$ cat start-v2.txt   # compact mmCIF, N, CA and C atoms
# COMPACT_ATOMS: atom_id res chain seq x y z
N MET H 1 0.83 -1.18 0.00
CA MET H 1 0.00 0.00 0.00
C MET H 1 0.88 1.25 0.00
N LYS H 2 0.49 2.23 -0.78
CA LYS H 2 1.21 3.48 -0.79
C LYS H 2 0.22 4.62 -0.74
N LEU H 3 0.70 5.80 -0.32
CA LEU H 3 -0.13 6.99 -0.28
C LEU H 3 -0.26 7.53 -1.69
N ILE H 4 -1.51 7.74 -2.12
CA ILE H 4 -1.79 8.26 -3.46
C ILE H 4 -2.49 9.60 -3.27
N THR H 5 -1.94 10.65 -3.86
CA THR H 5 -2.57 11.96 -3.75
C THR H 5 -2.90 12.51 -5.13
N GLU H 6 -3.96 13.26 -5.19
CA GLU H 6 -4.39 13.89 -6.43
C GLU H 6 -4.76 15.33 -6.13
N PHE H 7 -4.58 16.22 -7.09
CA PHE H 7 -4.96 17.61 -6.93
C PHE H 7 -5.91 17.99 -8.06
N ASN H 8 -7.04 18.57 -7.71
CA ASN H 8 -8.04 18.98 -8.70
C ASN H 8 -8.10 20.49 -8.70
N GLU H 9 -7.71 21.08 -9.82
CA GLU H 9 -7.67 22.53 -9.95
C GLU H 9 -8.78 23.00 -10.87
N ASN H 10 -9.82 22.18 -11.04
CA ASN H 10 -10.84 22.56 -12.02
C ASN H 10 -11.70 23.69 -11.49
N HIS H 11 -12.38 24.31 -12.38
CA HIS H 11 -13.18 25.48 -12.01
C HIS H 11 -14.63 25.10 -11.72
N ASP H 12 -14.87 23.82 -11.46
CA ASP H 12 -16.21 23.37 -11.08
C ASP H 12 -16.41 23.44 -9.57
N VAL H 13 -15.46 24.07 -8.85
CA VAL H 13 -15.56 24.24 -7.41
C VAL H 13 -15.97 25.69 -7.15
N GLU H 14 -16.98 25.85 -6.34
CA GLU H 14 -17.56 27.17 -6.10
C GLU H 14 -17.55 27.48 -4.60
N CYS H 15 -17.32 28.74 -4.28
CA CYS H 15 -17.36 29.18 -2.88
C CYS H 15 -18.67 29.91 -2.64
N ILE H 16 -19.37 29.52 -1.59
CA ILE H 16 -20.62 30.16 -1.21
C ILE H 16 -20.39 30.86 0.13
N VAL H 17 -20.65 32.15 0.17
CA VAL H 17 -20.47 32.93 1.40
C VAL H 17 -21.85 33.37 1.87
N GLU H 18 -22.15 33.04 3.13
CA GLU H 18 -23.44 33.42 3.71
C GLU H 18 -23.19 34.31 4.92
N ALA H 19 -23.92 35.41 5.00
CA ALA H 19 -23.82 36.29 6.17
C ALA H 19 -24.73 35.76 7.27
N LYS H 20 -24.17 35.68 8.48
CA LYS H 20 -24.96 35.25 9.64
C LYS H 20 -25.60 36.48 10.28
N GLU H 21 -26.57 36.26 11.15
CA GLU H 21 -27.26 37.36 11.82
C GLU H 21 -26.31 38.22 12.64
N ASN H 22 -25.25 37.62 13.19
CA ASN H 22 -24.31 38.37 14.03
C ASN H 22 -23.25 39.10 13.21
N GLY H 23 -23.36 39.08 11.88
CA GLY H 23 -22.44 39.78 11.01
C GLY H 23 -21.28 38.94 10.52
N GLU H 24 -21.04 37.80 11.13
CA GLU H 24 -19.98 36.91 10.67
C GLU H 24 -20.39 36.25 9.36
N LYS H 25 -19.41 35.68 8.67
CA LYS H 25 -19.67 35.00 7.41
C LYS H 25 -19.39 33.52 7.53
N SER H 26 -20.17 32.74 6.80
CA SER H 26 -20.00 31.30 6.72
C SER H 26 -19.51 30.99 5.30
N TYR H 27 -18.44 30.19 5.20
CA TYR H 27 -17.85 29.86 3.90
C TYR H 27 -18.02 28.36 3.62
N VAL H 28 -18.58 28.06 2.46
CA VAL H 28 -18.76 26.68 2.03
C VAL H 28 -18.17 26.55 0.63
N ILE H 29 -17.38 25.51 0.42
CA ILE H 29 -16.85 25.21 -0.92
C ILE H 29 -17.53 23.94 -1.38
N GLU H 30 -18.07 23.98 -2.59
CA GLU H 30 -18.72 22.79 -3.13
C GLU H 30 -18.45 22.67 -4.62
N GLY H 31 -18.55 21.44 -5.09
CA GLY H 31 -18.35 21.18 -6.51
C GLY H 31 -17.71 19.84 -6.74
N VAL H 32 -17.08 19.68 -7.89
CA VAL H 32 -16.45 18.43 -8.29
C VAL H 32 -15.08 18.34 -7.63
N PHE H 33 -14.91 17.33 -6.76
CA PHE H 33 -13.66 17.13 -6.03
C PHE H 33 -12.74 16.15 -6.75
N ALA H 34 -13.29 15.25 -7.54
CA ALA H 34 -12.51 14.25 -8.28
C ALA H 34 -13.40 13.66 -9.37
N GLN H 35 -12.80 12.88 -10.27
CA GLN H 35 -13.57 12.24 -11.34
C GLN H 35 -13.08 10.82 -11.57
N ALA H 36 -14.00 9.97 -11.96
CA ALA H 36 -13.69 8.58 -12.31
C ALA H 36 -13.65 8.46 -13.84
N ASP H 37 -13.03 7.40 -14.32
CA ASP H 37 -13.00 7.07 -15.75
C ASP H 37 -12.46 8.21 -16.63
N LYS H 38 -11.63 9.06 -16.06
CA LYS H 38 -11.08 10.19 -16.81
C LYS H 38 -9.66 10.44 -16.32
N LYS H 39 -8.72 10.66 -17.25
CA LYS H 39 -7.33 10.89 -16.86
C LYS H 39 -7.24 12.19 -16.06
N ASN H 40 -6.61 12.11 -14.90
CA ASN H 40 -6.46 13.29 -14.06
C ASN H 40 -5.12 13.97 -14.31
N ARG H 41 -4.86 15.02 -13.56
CA ARG H 41 -3.64 15.81 -13.74
C ARG H 41 -2.37 14.99 -13.52
N ASN H 42 -2.45 13.95 -12.70
CA ASN H 42 -1.30 13.08 -12.46
C ASN H 42 -1.21 11.94 -13.47
N GLY H 43 -2.07 11.97 -14.49
CA GLY H 43 -2.04 10.95 -15.53
C GLY H 43 -2.68 9.63 -15.12
N ARG H 44 -3.43 9.64 -14.02
CA ARG H 44 -4.07 8.41 -13.53
C ARG H 44 -5.55 8.40 -13.91
N VAL H 45 -6.07 7.18 -14.08
CA VAL H 45 -7.49 6.98 -14.33
C VAL H 45 -8.01 6.03 -13.26
N TYR H 46 -9.02 6.45 -12.53
CA TYR H 46 -9.63 5.59 -11.51
C TYR H 46 -10.95 5.06 -12.05
N PRO H 47 -11.08 3.74 -12.21
CA PRO H 47 -12.34 3.17 -12.70
C PRO H 47 -13.50 3.56 -11.78
N LYS H 48 -14.66 3.74 -12.37
CA LYS H 48 -15.84 4.15 -11.60
C LYS H 48 -16.14 3.18 -10.47
N SER H 49 -15.97 1.89 -10.69
CA SER H 49 -16.26 0.90 -9.64
C SER H 49 -15.35 1.10 -8.43
N ILE H 50 -14.07 1.42 -8.67
CA ILE H 50 -13.13 1.68 -7.59
C ILE H 50 -13.51 2.97 -6.86
N MET H 51 -13.86 3.99 -7.63
CA MET H 51 -14.23 5.28 -7.05
C MET H 51 -15.51 5.15 -6.23
N GLU H 52 -16.49 4.38 -6.73
CA GLU H 52 -17.74 4.16 -5.98
C GLU H 52 -17.45 3.54 -4.62
N SER H 53 -16.61 2.53 -4.62
CA SER H 53 -16.26 1.84 -3.38
C SER H 53 -15.54 2.78 -2.41
N ALA H 54 -14.58 3.55 -2.91
CA ALA H 54 -13.81 4.46 -2.06
C ALA H 54 -14.69 5.57 -1.49
N VAL H 55 -15.56 6.14 -2.32
CA VAL H 55 -16.45 7.21 -1.85
C VAL H 55 -17.42 6.66 -0.80
N SER H 56 -17.99 5.50 -1.06
CA SER H 56 -18.93 4.89 -0.12
C SER H 56 -18.26 4.64 1.23
N LYS H 57 -17.06 4.09 1.21
CA LYS H 57 -16.33 3.80 2.45
C LYS H 57 -16.00 5.09 3.20
N TYR H 58 -15.55 6.11 2.47
CA TYR H 58 -15.19 7.39 3.09
C TYR H 58 -16.41 8.06 3.72
N VAL H 59 -17.53 8.04 3.03
CA VAL H 59 -18.76 8.64 3.57
C VAL H 59 -19.19 7.89 4.82
N THR H 60 -19.21 6.57 4.76
CA THR H 60 -19.65 5.75 5.89
C THR H 60 -18.72 5.90 7.10
N GLU H 61 -17.42 5.84 6.87
CA GLU H 61 -16.45 5.84 7.97
C GLU H 61 -16.01 7.23 8.43
N GLN H 62 -16.16 8.23 7.59
CA GLN H 62 -15.63 9.55 7.94
C GLN H 62 -16.69 10.65 7.93
N VAL H 63 -17.36 10.85 6.81
CA VAL H 63 -18.28 11.98 6.66
C VAL H 63 -19.44 11.89 7.64
N THR H 64 -20.05 10.73 7.77
CA THR H 64 -21.23 10.60 8.64
C THR H 64 -20.89 10.60 10.12
N LYS H 65 -19.62 10.50 10.51
CA LYS H 65 -19.25 10.37 11.93
C LYS H 65 -19.35 11.66 12.75
N PRO H 66 -19.03 12.82 12.47
CA PRO H 66 -18.24 13.42 11.37
C PRO H 66 -16.76 13.52 11.74
N ARG H 67 -15.93 12.86 10.93
CA ARG H 67 -14.48 12.86 11.15
C ARG H 67 -13.71 13.22 9.88
N ALA H 68 -14.40 13.65 8.86
CA ALA H 68 -13.78 13.90 7.56
C ALA H 68 -13.21 15.32 7.50
N VAL H 69 -12.11 15.53 8.23
CA VAL H 69 -11.51 16.86 8.23
C VAL H 69 -10.33 16.92 7.28
N GLY H 70 -10.06 18.12 6.79
CA GLY H 70 -8.97 18.29 5.85
C GLY H 70 -8.06 19.43 6.27
N GLU H 71 -6.89 19.46 5.66
CA GLU H 71 -5.88 20.45 5.96
C GLU H 71 -5.78 21.50 4.86
N LEU H 72 -5.20 22.64 5.21
CA LEU H 72 -5.03 23.74 4.26
C LEU H 72 -4.17 23.31 3.08
N THR H 73 -3.06 22.61 3.34
CA THR H 73 -2.19 22.13 2.27
C THR H 73 -2.21 20.61 2.28
N PRO H 74 -1.99 20.00 1.14
CA PRO H 74 -2.03 18.53 1.09
C PRO H 74 -1.02 17.92 2.06
N PRO H 75 -1.48 17.04 2.97
CA PRO H 75 -0.56 16.42 3.92
C PRO H 75 0.39 15.44 3.23
N GLU H 76 1.53 15.22 3.86
CA GLU H 76 2.52 14.32 3.28
C GLU H 76 2.29 12.87 3.66
N GLY H 77 1.46 12.62 4.65
CA GLY H 77 1.22 11.25 5.10
C GLY H 77 -0.25 10.90 5.03
N SER H 78 -0.58 9.77 5.62
CA SER H 78 -1.96 9.29 5.54
C SER H 78 -2.83 9.72 6.71
N THR H 79 -2.23 10.44 7.69
CA THR H 79 -3.02 10.89 8.83
C THR H 79 -3.16 12.40 8.83
N VAL H 80 -4.21 12.88 9.47
CA VAL H 80 -4.50 14.31 9.54
C VAL H 80 -3.77 14.92 10.73
N ASN H 81 -3.14 16.06 10.51
CA ASN H 81 -2.52 16.83 11.60
C ASN H 81 -3.57 17.85 12.03
N PHE H 82 -4.14 17.68 13.22
CA PHE H 82 -5.23 18.53 13.66
C PHE H 82 -4.81 19.98 13.86
N ASN H 83 -3.52 20.26 13.97
CA ASN H 83 -3.05 21.64 14.06
C ASN H 83 -3.15 22.37 12.71
N LYS H 84 -3.36 21.60 11.64
CA LYS H 84 -3.42 22.18 10.31
C LYS H 84 -4.82 22.11 9.68
N VAL H 85 -5.81 21.65 10.44
CA VAL H 85 -7.16 21.46 9.89
C VAL H 85 -7.80 22.81 9.54
N SER H 86 -8.40 22.86 8.36
CA SER H 86 -9.10 24.07 7.92
C SER H 86 -10.57 23.83 7.61
N HIS H 87 -10.95 22.56 7.46
CA HIS H 87 -12.32 22.30 7.04
C HIS H 87 -12.74 20.85 7.29
N PRO H 88 -14.04 20.62 7.51
CA PRO H 88 -14.58 19.26 7.46
C PRO H 88 -15.31 19.07 6.12
N ASN H 89 -15.22 17.89 5.57
CA ASN H 89 -16.03 17.56 4.40
C ASN H 89 -17.40 17.15 4.92
N THR H 90 -18.41 17.90 4.55
CA THR H 90 -19.75 17.69 5.09
C THR H 90 -20.65 16.87 4.18
N ASP H 91 -20.25 16.69 2.93
CA ASP H 91 -21.05 15.90 2.00
C ASP H 91 -20.15 15.41 0.88
N LEU H 92 -20.41 14.21 0.40
CA LEU H 92 -19.65 13.64 -0.71
C LEU H 92 -20.51 12.58 -1.36
N SER H 93 -20.58 12.62 -2.69
CA SER H 93 -21.35 11.61 -3.42
C SER H 93 -20.80 11.48 -4.83
N LEU H 94 -21.11 10.36 -5.46
CA LEU H 94 -20.71 10.11 -6.83
C LEU H 94 -21.92 10.40 -7.71
N GLU H 95 -21.79 11.35 -8.61
CA GLU H 95 -22.85 11.71 -9.55
C GLU H 95 -22.31 11.50 -10.96
N GLY H 96 -22.69 10.38 -11.57
CA GLY H 96 -22.11 10.02 -12.86
C GLY H 96 -20.66 9.66 -12.63
N ILE H 97 -19.73 10.39 -13.30
CA ILE H 97 -18.30 10.16 -13.07
C ILE H 97 -17.71 11.17 -12.08
N ASP H 98 -18.52 12.14 -11.66
CA ASP H 98 -18.04 13.20 -10.78
C ASP H 98 -18.21 12.85 -9.31
N VAL H 99 -17.14 13.06 -8.53
CA VAL H 99 -17.23 12.98 -7.08
C VAL H 99 -17.53 14.41 -6.62
N VAL H 100 -18.75 14.64 -6.18
CA VAL H 100 -19.21 15.97 -5.81
C VAL H 100 -19.16 16.08 -4.29
N GLY H 101 -18.56 17.16 -3.81
CA GLY H 101 -18.41 17.32 -2.38
C GLY H 101 -18.77 18.70 -1.91
N GLN H 102 -18.86 18.81 -0.59
CA GLN H 102 -19.11 20.09 0.07
C GLN H 102 -18.28 20.13 1.34
N THR H 103 -17.68 21.27 1.60
CA THR H 103 -16.86 21.45 2.79
C THR H 103 -17.13 22.81 3.41
N GLN H 104 -17.12 22.85 4.72
CA GLN H 104 -17.36 24.08 5.50
C GLN H 104 -16.03 24.58 6.02
N ILE H 105 -15.69 25.84 5.78
CA ILE H 105 -14.43 26.38 6.26
C ILE H 105 -14.58 26.73 7.74
N LEU H 106 -13.65 26.21 8.54
CA LEU H 106 -13.69 26.41 9.99
C LEU H 106 -13.02 27.72 10.41
N ASP H 107 -13.26 28.11 11.64
CA ASP H 107 -12.65 29.30 12.20
C ASP H 107 -11.37 28.94 12.96
N THR H 108 -10.57 28.04 12.37
CA THR H 108 -9.28 27.66 12.95
C THR H 108 -8.21 28.57 12.34
N THR H 109 -6.99 28.44 12.81
CA THR H 109 -5.90 29.24 12.26
C THR H 109 -5.78 29.03 10.75
N LYS H 110 -5.79 27.78 10.31
CA LYS H 110 -5.65 27.49 8.88
C LYS H 110 -6.94 27.84 8.12
N GLY H 111 -8.09 27.66 8.77
CA GLY H 111 -9.36 28.05 8.16
C GLY H 111 -9.42 29.54 7.89
N LYS H 112 -8.87 30.34 8.80
CA LYS H 112 -8.84 31.79 8.61
C LYS H 112 -7.98 32.17 7.41
N ILE H 113 -6.91 31.42 7.17
CA ILE H 113 -6.10 31.66 5.98
C ILE H 113 -6.92 31.38 4.73
N VAL H 114 -7.67 30.27 4.73
CA VAL H 114 -8.53 29.95 3.58
C VAL H 114 -9.55 31.06 3.36
N LYS H 115 -10.18 31.52 4.43
CA LYS H 115 -11.17 32.61 4.31
C LYS H 115 -10.52 33.86 3.70
N GLY H 116 -9.31 34.19 4.15
CA GLY H 116 -8.60 35.35 3.60
C GLY H 116 -8.31 35.18 2.12
N LEU H 117 -7.91 33.99 1.73
CA LEU H 117 -7.65 33.73 0.31
C LEU H 117 -8.94 33.87 -0.51
N LEU H 118 -10.03 33.32 0.02
CA LEU H 118 -11.31 33.42 -0.68
C LEU H 118 -11.78 34.87 -0.79
N GLU H 119 -11.60 35.63 0.29
CA GLU H 119 -11.98 37.04 0.25
C GLU H 119 -11.12 37.81 -0.75
N GLY H 120 -9.88 37.38 -0.95
CA GLY H 120 -8.99 37.98 -1.93
C GLY H 120 -9.21 37.44 -3.33
N GLU H 121 -10.25 36.62 -3.49
CA GLU H 121 -10.66 36.04 -4.77
C GLU H 121 -9.61 35.11 -5.37
N ALA H 122 -8.83 34.46 -4.51
CA ALA H 122 -7.87 33.46 -4.99
C ALA H 122 -8.62 32.22 -5.47
N GLN H 123 -8.14 31.59 -6.53
CA GLN H 123 -8.73 30.36 -7.05
C GLN H 123 -8.09 29.20 -6.32
N LEU H 124 -8.87 28.48 -5.52
CA LEU H 124 -8.35 27.35 -4.76
C LEU H 124 -8.69 26.04 -5.46
N GLY H 125 -7.92 25.03 -5.17
CA GLY H 125 -8.18 23.70 -5.70
C GLY H 125 -8.49 22.74 -4.57
N VAL H 126 -8.73 21.49 -4.93
CA VAL H 126 -9.06 20.45 -3.97
C VAL H 126 -8.10 19.29 -4.20
N SER H 127 -7.57 18.75 -3.11
CA SER H 127 -6.72 17.58 -3.25
C SER H 127 -7.36 16.41 -2.52
N THR H 128 -7.10 15.22 -3.01
CA THR H 128 -7.60 14.00 -2.37
C THR H 128 -6.41 13.10 -2.11
N ARG H 129 -6.59 12.19 -1.16
CA ARG H 129 -5.53 11.23 -0.87
C ARG H 129 -6.15 9.95 -0.36
N GLY H 130 -5.43 8.90 -0.50
CA GLY H 130 -5.90 7.62 -0.02
C GLY H 130 -4.78 6.60 -0.09
N MET H 131 -4.98 5.51 0.63
CA MET H 131 -4.00 4.43 0.60
C MET H 131 -4.48 3.40 -0.42
N GLY H 132 -3.57 2.90 -1.22
CA GLY H 132 -3.95 1.91 -2.20
C GLY H 132 -2.76 1.45 -3.01
N SER H 133 -3.04 0.80 -4.10
CA SER H 133 -2.00 0.33 -4.99
C SER H 133 -2.36 0.77 -6.41
N LEU H 134 -1.34 0.88 -7.24
CA LEU H 134 -1.54 1.30 -8.63
C LEU H 134 -1.10 0.19 -9.56
N GLU H 135 -1.75 0.12 -10.70
CA GLU H 135 -1.31 -0.81 -11.73
C GLU H 135 -1.23 -0.08 -13.05
N THR H 136 -0.24 -0.41 -13.85
CA THR H 136 -0.02 0.21 -15.15
C THR H 136 -0.79 -0.55 -16.20
N ARG H 137 -1.46 0.19 -17.06
CA ARG H 137 -2.21 -0.43 -18.17
C ARG H 137 -1.79 0.15 -19.48
$ encode --input "start-v2.txt" --output "structure tokens"
Amino acid sequence: MKLITEFNENHDVECIVEAKENGEKSYVIEGVFAQADKKNRNGRVYPKSIMESAVSKYVTEQVTKPRAVGELTPPEGSTVNFNKVSHPNTDLSLEGIDVVGQTQILDTTKGKIVKGLLEGEAQLGVSTRGMGSLETR
């Protein structure tokens, strides 16, 4: 087993900003986080059956708990460093070949950096990671 990471820089990810009654803002990022049956930026293709299984397991074991937290920058290992957490993934599903997700930006140190980038209209991407094996075809 090895750590496999992917980065999605597509423009199908949208930021939604909602004003709360107390004047604070809520930031949600949603859109296509990954795709199956299509060559990605790293030159890999994940069959839809593999992606369905991985998404289902992640939703069951992480999203619904809720333990599906992510970091501001892609981590180098397979575990999350809670000092670097910026967001929880609040929803994830497979729609056709698209893995569609939603994440809420937290008011943590790293989450505040994300909010600042979004307010500065920076284009952010989404990265995914998982443990597995690869085969060449």
$ closest_residue --input "start-v2.txt" --among "H:Glu14, H:Glu24, H:Asp37, H:Glu30" --to "Gly101 in chain H" --atoms "all atoms listed in the file"
H:Glu30
$ closest_residue --input "start-v2.txt" --among "H:Val32, H:Val17, H:Val55, H:Ala68" --to "Glu121 in chain H" --atoms "only C-alpha atoms"
H:Val17
$ residues_near_point --input "start-v2.txt" --point "(-11.3, 25.1, 9.0)" --cutoff "6 Å" --atoms "only N, CA and C atoms" --output "list of chain:residue names"
H:Val85, H:Ser86, H:His87, H:Pro88, H:Gln104, H:Ile105, H:Leu106, H:Asp107, H:Thr108, H:Lys110, H:Gly111, H:Lys112
$ write_last_selection --input "start-v2.txt" --atoms "N, CA and C atoms" --output "short mmCIF file (atom, residue, chain, number, x, y, z; two decimals), in the coordinates of the input"
data_model
loop_
_atom_site.label_atom_id
_atom_site.label_comp_id
_atom_site.auth_asym_id
_atom_site.auth_seq_id
_atom_site.Cartn_x
_atom_site.Cartn_y
_atom_site.Cartn_z
N VAL H 85 -5.81 21.65 10.44
CA VAL H 85 -7.16 21.46 9.89
C VAL H 85 -7.80 22.81 9.54
N SER H 86 -8.40 22.86 8.36
CA SER H 86 -9.10 24.07 7.92
C SER H 86 -10.57 23.83 7.61
N HIS H 87 -10.95 22.56 7.46
CA HIS H 87 -12.32 22.30 7.04
C HIS H 87 -12.74 20.85 7.29
N PRO H 88 -14.04 20.62 7.51
CA PRO H 88 -14.58 19.26 7.46
C PRO H 88 -15.31 19.07 6.12
N GLN H 104 -17.12 22.85 4.72
CA GLN H 104 -17.36 24.08 5.50
C GLN H 104 -16.03 24.58 6.02
N ILE H 105 -15.69 25.84 5.78
CA ILE H 105 -14.43 26.38 6.26
C ILE H 105 -14.58 26.73 7.74
N LEU H 106 -13.65 26.21 8.54
CA LEU H 106 -13.69 26.41 9.99
C LEU H 106 -13.02 27.72 10.41
N ASP H 107 -13.26 28.11 11.64
CA ASP H 107 -12.65 29.30 12.20
C ASP H 107 -11.37 28.94 12.96
N THR H 108 -10.57 28.04 12.37
CA THR H 108 -9.28 27.66 12.95
C THR H 108 -8.21 28.57 12.34
N LYS H 110 -5.79 27.78 10.31
CA LYS H 110 -5.65 27.49 8.88
C LYS H 110 -6.94 27.84 8.12
N GLY H 111 -8.09 27.66 8.77
CA GLY H 111 -9.36 28.05 8.16
C GLY H 111 -9.42 29.54 7.89
N LYS H 112 -8.87 30.34 8.80
CA LYS H 112 -8.84 31.79 8.61
C LYS H 112 -7.98 32.17 7.41
#
$ residues_around --input "start-v2.txt" --residues "Val100 in chain H" --least-positions-apart "4" --cutoff "8 Å" --atoms "all atoms listed in the file" --output "list of chain:residue names"
H:Glu30, H:Gly31, H:Val32, H:Phe33, H:Ala34, H:Gln35, H:Asp91, H:Leu92, H:Ser93, H:Leu94, H:Glu95, H:Gly96
$ select_by_dssp --input "start-v2.txt" --residues "chain H" --states "strand (DSSP E)" --output "ChimeraX atom specification"
/H:2-8,13-19,25-35,69-71,85-95,98-104,126-132
$ decode --input "start-v2.txt" --residues "range 56-64 of chain H" --atoms "all heavy atoms" --output "JSON list (two decimals), in the first residue's frame"
[["chain", "number", "residue", "atom", "x", "y", "z"],
["H", 56, "SER", "N", -17.99, 5.50, -1.06],
["H", 56, "SER", "CA", -18.93, 4.89, -0.12],
["H", 56, "SER", "C", -18.26, 4.64, 1.23],
["H", 56, "SER", "O", -18.82, 4.96, 2.29],
["H", 56, "SER", "CB", -19.47, 3.59, -0.69],
["H", 56, "SER", "OG", -20.31, 2.96, 0.24],
["H", 57, "LYS", "N", -17.06, 4.09, 1.21],
["H", 57, "LYS", "CA", -16.33, 3.80, 2.45],
["H", 57, "LYS", "C", -16.00, 5.09, 3.20],
["H", 57, "LYS", "O", -16.16, 5.19, 4.41],
["H", 57, "LYS", "CB", -15.06, 3.02, 2.14],
["H", 57, "LYS", "CG", -14.25, 2.68, 3.36],
["H", 57, "LYS", "CD", -13.03, 1.85, 3.01],
["H", 57, "LYS", "CE", -12.24, 1.53, 4.27],
["H", 57, "LYS", "NZ", -11.07, 0.72, 4.01],
["H", 58, "TYR", "N", -15.55, 6.11, 2.47],
["H", 58, "TYR", "CA", -15.19, 7.39, 3.09],
["H", 58, "TYR", "C", -16.41, 8.06, 3.72],
["H", 58, "TYR", "O", -16.34, 8.56, 4.85],
["H", 58, "TYR", "CB", -14.55, 8.31, 2.05],
["H", 58, "TYR", "CG", -14.08, 9.63, 2.60],
["H", 58, "TYR", "CD1", -12.93, 9.71, 3.38],
["H", 58, "TYR", "CD2", -14.76, 10.81, 2.32],
["H", 58, "TYR", "CE1", -12.48, 10.92, 3.88],
["H", 58, "TYR", "CE2", -14.32, 12.02, 2.83],
["H", 58, "TYR", "CZ", -13.18, 12.07, 3.60],
["H", 58, "TYR", "OH", -12.74, 13.27, 4.10],
["H", 59, "VAL", "N", -17.53, 8.04, 3.03],
["H", 59, "VAL", "CA", -18.76, 8.64, 3.57],
["H", 59, "VAL", "C", -19.19, 7.89, 4.82],
["H", 59, "VAL", "O", -19.48, 8.50, 5.86],
["H", 59, "VAL", "CB", -19.89, 8.66, 2.51],
["H", 59, "VAL", "CG1", -21.23, 9.00, 3.14],
["H", 59, "VAL", "CG2", -19.55, 9.65, 1.40],
["H", 60, "THR", "N", -19.21, 6.57, 4.76],
["H", 60, "THR", "CA", -19.65, 5.75, 5.89],
["H", 60, "THR", "C", -18.72, 5.90, 7.10],
["H", 60, "THR", "O", -19.18, 6.07, 8.23],
["H", 60, "THR", "CB", -19.71, 4.26, 5.49],
["H", 60, "THR", "OG1", -20.65, 4.13, 4.42],
["H", 60, "THR", "CG2", -20.14, 3.39, 6.65],
["H", 61, "GLU", "N", -17.42, 5.84, 6.87],
["H", 61, "GLU", "CA", -16.45, 5.84, 7.97],
["H", 61, "GLU", "C", -16.01, 7.23, 8.43],
["H", 61, "GLU", "O", -15.51, 7.36, 9.55],
["H", 61, "GLU", "CB", -15.23, 5.02, 7.59],
["H", 61, "GLU", "CG", -15.54, 3.55, 7.37],
["H", 61, "GLU", "CD", -14.32, 2.74, 6.98],
["H", 61, "GLU", "OE1", -13.19, 3.29, 6.95],
["H", 61, "GLU", "OE2", -14.49, 1.54, 6.69],
["H", 62, "GLN", "N", -16.16, 8.23, 7.59],
["H", 62, "GLN", "CA", -15.63, 9.55, 7.94],
["H", 62, "GLN", "C", -16.69, 10.65, 7.93],
["H", 62, "GLN", "O", -16.88, 11.33, 8.93],
["H", 62, "GLN", "CB", -14.48, 9.94, 6.99],
["H", 62, "GLN", "CG", -13.33, 8.96, 6.99],
["H", 62, "GLN", "CD", -12.56, 8.94, 8.28],
["H", 62, "GLN", "OE1", -12.33, 9.97, 8.89],
["H", 62, "GLN", "NE2", -12.14, 7.76, 8.71],
["H", 63, "VAL", "N", -17.36, 10.85, 6.81],
["H", 63, "VAL", "CA", -18.28, 11.98, 6.66],
["H", 63, "VAL", "C", -19.44, 11.89, 7.64],
["H", 63, "VAL", "O", -19.79, 12.88, 8.29],
["H", 63, "VAL", "CB", -18.80, 12.11, 5.20],
["H", 63, "VAL", "CG1", -19.83, 13.22, 5.08],
["H", 63, "VAL", "CG2", -17.63, 12.34, 4.24],
["H", 64, "THR", "N", -20.05, 10.73, 7.77],
["H", 64, "THR", "CA", -21.23, 10.60, 8.64],
["H", 64, "THR", "C", -20.89, 10.60, 10.12],
["H", 64, "THR", "O", -21.79, 10.73, 10.95],
["H", 64, "THR", "CB", -22.01, 9.31, 8.31],
["H", 64, "THR", "OG1", -21.17, 8.18, 8.54],
["H", 64, "THR", "CG2", -22.53, 9.33, 6.89]]
